[in-house]
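*Asks:* Contents are mmCIF, C-alpha atoms and all ligand atoms; file name my_file_38.cif:
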```cif
data_start
loop_
_atom_site.label_atom_id
_atom_site.label_comp_id
_atom_site.auth_asym_id
_atom_site.auth_seq_id
_atom_site.Cartn_x
_atom_site.Cartn_y
_atom_site.Cartn_z
CA MET E 1 208.52 138.49 138.37
CA THR E 2 208.71 140.47 135.12
CA ASP E 3 205.80 141.06 132.79
CA SER E 4 207.85 140.93 129.61
CA ASN E 5 211.30 139.60 128.85
CA GLU E 6 213.01 141.07 125.80
CA ASP E 7 215.05 137.87 125.27
CA CYS E 8 211.93 135.70 125.19
CA ILE E 9 210.51 134.73 121.81
CA PHE E 10 206.98 134.31 123.17
CA CYS E 11 207.08 137.75 124.82
CA ARG E 12 208.09 139.12 121.44
CA ILE E 13 205.05 137.41 119.93
CA VAL E 14 202.85 138.97 122.66
CA GLU E 15 204.36 142.37 121.83
CA GLY E 16 203.68 141.84 118.11
CA GLU E 17 207.40 142.14 117.34
CA ILE E 18 207.52 138.78 115.59
CA PRO E 19 204.62 137.31 113.64
CA SER E 20 202.48 134.40 114.72
CA ARG E 21 199.31 132.72 113.54
CA THR E 22 197.29 133.98 116.48
CA VAL E 23 193.98 132.17 116.88
CA TYR E 24 192.63 133.55 120.16
CA GLU E 25 193.40 136.35 122.57
CA THR E 26 191.93 137.13 125.98
CA ASP E 27 192.88 139.54 128.73
CA GLY E 28 195.91 137.62 130.03
CA ALA E 29 196.31 134.77 127.55
CA LEU E 30 197.22 134.30 123.91
CA ALA E 31 196.97 131.28 121.62
CA PHE E 32 198.80 130.76 118.35
CA LEU E 33 199.80 127.90 116.08
CA ASP E 34 203.04 126.11 116.87
CA ALA E 35 205.63 126.97 114.21
CA ASN E 36 206.78 123.35 114.03
CA PRO E 37 203.54 121.42 114.51
CA LEU E 38 203.33 117.84 115.73
CA ALA E 39 199.89 117.60 114.11
CA PRO E 40 197.59 119.88 112.11
CA GLY E 41 196.14 122.39 114.56
CA HIS E 42 198.97 122.10 117.13
CA THR E 43 198.32 125.21 119.20
CA LEU E 44 200.22 126.89 122.02
CA VAL E 45 198.40 128.73 124.79
CA ILE E 46 200.46 131.17 126.87
CA PRO E 47 199.94 133.68 129.64
CA THR E 48 200.75 137.12 128.24
CA ALA E 49 203.06 137.85 131.19
CA HIS E 50 206.48 136.23 131.25
CA HIS E 51 206.94 133.35 133.68
CA GLN E 52 208.96 130.20 133.09
CA HIS E 53 207.15 127.67 135.26
CA LEU E 54 203.50 126.89 135.85
CA GLN E 55 204.05 127.33 139.57
CA ASP E 56 205.30 130.89 138.97
CA LEU E 57 201.82 132.03 137.86
CA ASP E 58 199.56 133.73 140.35
CA GLY E 59 196.11 132.24 140.84
CA HIS E 60 194.36 134.65 138.50
CA SER E 61 196.83 134.07 135.64
CA ALA E 62 196.55 130.31 136.18
CA HIS E 63 192.79 130.55 136.05
CA VAL E 64 192.82 132.58 132.84
CA LEU E 65 195.32 130.18 131.27
CA TYR E 66 193.27 127.11 132.12
CA GLU E 67 190.03 128.73 131.05
CA THR E 68 191.59 129.60 127.70
CA LEU E 69 192.76 126.00 127.23
CA HIS E 70 189.32 124.77 128.24
CA ASP E 71 187.63 127.05 125.71
CA LEU E 72 190.05 126.28 122.90
CA VAL E 73 190.41 122.49 123.07
CA PRO E 74 187.02 121.71 121.49
CA VAL E 75 187.42 124.53 118.96
CA VAL E 76 190.84 123.31 117.81
CA GLU E 77 189.65 119.69 117.64
CA ASP E 78 186.65 120.73 115.58
CA ALA E 79 188.69 122.95 113.24
CA VAL E 80 190.92 120.08 112.15
CA ASP E 81 188.33 117.32 112.60
CA ALA E 82 190.42 115.60 115.28
CA ASP E 83 189.30 112.56 117.29
CA GLY E 84 190.95 113.79 120.51
CA SER E 85 193.91 115.77 121.76
CA ASN E 86 196.83 115.70 124.14
CA VAL E 87 197.04 118.81 126.31
CA ALA E 88 200.34 119.18 128.09
CA PHE E 89 203.00 121.48 129.49
CA ASN E 90 206.72 120.84 129.40
CA ASN E 91 207.38 122.40 132.80
CA GLY E 92 211.11 123.06 133.24
CA SER E 93 214.10 122.13 131.12
CA ALA E 94 214.32 118.62 132.68
CA ALA E 95 210.85 118.04 131.29
CA GLY E 96 211.85 119.21 127.80
CA GLN E 97 210.81 122.86 128.04
CA GLU E 98 212.79 124.76 125.42
CA VAL E 99 211.03 128.12 125.43
CA PRO E 100 211.20 129.47 129.01
CA HIS E 101 207.74 131.05 128.93
CA VAL E 102 204.82 128.94 130.20
CA HIS E 103 202.93 127.38 127.31
CA GLY E 104 200.34 124.67 127.08
CA HIS E 105 200.39 122.49 123.99
CA ILE E 106 197.13 121.40 122.40
CA VAL E 107 198.10 118.57 120.06
CA PRO E 108 195.16 117.24 118.05
CA ARG E 109 195.05 113.47 117.75
CA PHE E 110 193.55 111.23 115.12
CA GLU E 111 192.60 107.56 115.22
CA ASN E 112 195.60 105.50 114.07
CA ASP E 113 197.88 108.55 113.80
CA GLY E 114 200.84 106.50 115.00
CA GLY E 115 201.33 108.63 118.11
CA SER E 116 201.46 107.60 121.76
CA PRO E 117 199.65 108.50 124.95
CA ILE E 118 201.19 110.93 127.42
CA HIS E 119 202.56 107.92 129.33
CA ALA E 120 205.27 107.69 126.67
CA ILE E 121 206.99 110.91 127.76
CA ALA E 122 208.80 109.74 130.90
CA GLY E 123 211.87 107.52 131.15
CA GLU E 124 211.90 104.03 132.64
CA ARG E 125 209.07 103.35 135.08
CA PRO E 126 210.29 103.23 138.70
CA GLU E 127 209.75 100.15 140.88
CA LEU E 128 208.11 101.59 144.00
CA SER E 129 207.10 99.60 147.07
CA ASP E 130 203.84 100.27 148.92
CA ALA E 131 205.87 101.97 151.68
CA GLU E 132 207.60 104.24 149.19
CA LEU E 133 204.27 105.11 147.57
CA ASP E 134 202.83 105.92 151.01
CA ASP E 135 205.82 108.18 151.78
CA ILE E 136 205.46 110.00 148.48
CA ALA E 137 201.71 110.50 148.96
CA ASP E 138 202.38 111.83 152.49
CA ALA E 139 205.14 114.16 151.26
CA ILE E 140 202.81 115.66 148.67
CA ALA E 141 199.76 115.83 150.93
CA GLU E 142 201.60 117.50 153.83
CA ARG E 143 202.88 120.23 151.51
CA THR E 144 199.32 121.10 150.50
CA GLU E 145 198.21 121.70 154.11
P1 LIG G 201 208.67 123.37 124.44
O1 LIG G 201 209.62 122.26 124.09
O2 LIG G 201 209.38 124.55 125.04
O3 LIG G 201 207.52 122.89 125.27
O4 LIG G 201 208.01 123.80 123.08
C1 LIG G 201 208.26 124.99 122.44
C2 LIG G 201 207.40 124.99 121.19
O5 LIG G 201 207.43 126.28 120.65
C3 LIG G 201 207.89 124.02 120.11
O6 LIG G 201 206.83 123.12 119.80
C4 LIG G 201 208.26 124.93 118.95
O7 LIG G 201 207.89 124.39 117.70
C5 LIG G 201 207.47 126.20 119.25
N1 LIG G 201 208.11 127.42 118.81
C6 LIG G 201 209.41 127.78 119.03
N2 LIG G 201 209.64 129.02 118.52
C7 LIG G 201 208.46 129.42 117.99
C8 LIG G 201 208.07 130.63 117.32
O8 LIG G 201 208.85 131.55 117.12
N3 LIG G 201 206.78 130.71 116.92
C9 LIG G 201 205.88 129.71 117.13
N4 LIG G 201 204.63 129.89 116.69
N5 LIG G 201 206.22 128.56 117.76
C10 LIG G 201 207.50 128.42 118.17
ZN ZN G 202 208.26 135.44 127.80
#
```
For the file at hand, write its structure as structure tokens.
*Replies:*
Amino acid sequence: MTDSNEDCIFCRIVEGEIPSRTVYETDGALAFLDANPLAPGHTLVIPTAHHQHLQDLDGHSAHVLYETLHDLVPVVEDAVDADGSNVAFNNGSAAGQEVPHVHGHIVPRFENDGGSPIHAIAGERPELSDAELDDIADAIAERTE
């Protein structure tokens, strides 16, 4: 684990080395407008320390990150008069993560904006039998014990 990575664009934003439209800062998290927004108000929320994956965060950092998202979602929606929002992480390159520093997207949504629900992000839906679903549920549950 490293706190800051000099090759990481979001670490450089945290360090103030490249500009951003910062909207909120707490001890451990930073929020700024996405430079290439999917909607007005598209905001990124990041832990200030450098980690690529959500699962790399320690419990405290995860808590601060979620609390910051929780605080900001209604504020962002209100600021752009949105009807809702999608809140999501691209976690890992297979999931479309391009910047390897954890970031949650807050994407404001508007009635009839032509967008899709989060269900649109995955590929083809798998055909899973009841037995396969049971096995998957067991595999997840036993790893949480
Ligand atoms: P990802 O695909 O990694 O989840 O999304 C990265 C996001 O970061 C993209 O939405 C992209 O527009 C945004 N982004 C990339 N570079 C910069 C930057 O230098 N500044 C800001 N504000 N956003 C950036
Ligand atoms: Zn970083």
*Asks:* Could you please extract the residues within 9 Å of ligand ZN 202 (chain G), counting only C-alpha atoms and all ligand atoms, and hand them back as a list in words?
*Replies:*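 Answer in the requested format: Thr2, Asp3, Ser4, Asn5, Glu6, Asp7, Cys8, Ile9, Phe10, Cys11, Arg12, Ile13, Val14, Ile46, Pro47, Thr48, Ala49, His50, His51, Gln52, Val99, Pro100, His101 and Val102 of chain E.
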*Asks:* May I have the residues within 9 Å of ligand LIG 201 (chain G), computed using all atoms listed in the file, as a PyMOL selection string?
*Replies:* chain E and resi 9-10+12-13+18-22+32-38+42-44+88-93+95-105
*Asks:* Could you tell me how far CA of Ala94 (chain E) sits from CA of Pro117 (chain E), in Å to one decimal place?
*Replies:*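 Those two atoms sit 19.4 Å apart.
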*Asks:* List the spatial neighbours of Ala79 (chain E) as a ChimeraX atom specification - criterion: any atom at most 12 Å away, all atoms listed in the file, same-chain residues fewer than 5 positions off excluded.
*Replies:* /E:23,40-43,72-74,84,108
*Asks:* So what do you get for CA of Ala82 (chain E) versus CA of Gly115 (chain E), distance-wise?
*Replies:*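 If I compute the distance from CA of Ala82 (chain E) to CA of Gly115 (chain E), I get 13.3 Å.
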*Asks:* Just to confirm, what's the straight-line distance from CA of Ser85 (chain E) to CA of Ile106 (chain E) in Å (one decimal)?
*Replies:*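 If I compute the distance from CA of Ser85 (chain E) to CA of Ile106 (chain E), I get 6.5 Å.
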*Asks:* What box, with edges along x, y and z, holds each listed atom of region 57-75 of chain E when 4 Å is added on every side, and can you state its centre and edge lengths in Å to one decimal, as lines of an AutoDock Vina configuration file?
*Replies:*
```
center_x = 194.4
center_y = 128.2
center_z = 129.9
size_x = 22.8
size_y = 20.9
size_z = 29.9
```
*Asks:* Excluding same-chain residues fewer than 5 positions from His119 (chain E), what lies within 12 Å of it counting only C-alpha atoms, as a short mmCIF file (atom, residue, chain, number, x, y, z; two decimals) with C-alpha atoms, keeping the file's coordinate frame?
*Replies:*
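New file selection39.cif:
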```cif
data_model
loop_
_atom_site.label_atom_id
_atom_site.label_comp_id
_atom_site.auth_asym_id
_atom_site.auth_seq_id
_atom_site.Cartn_x
_atom_site.Cartn_y
_atom_site.Cartn_z
CA ASN E 86 196.83 115.70 124.14
CA ALA E 88 200.34 119.18 128.09
CA GLU E 124 211.90 104.03 132.64
CA ARG E 125 209.07 103.35 135.08
#
```
*Asks:* Counting all atoms listed in the file, which residue out of E:Glu15, E:Asp71, E:Glu77, E:Asp56 sits closest to Ala39 (chain E)?
*Replies:* E:Glu77
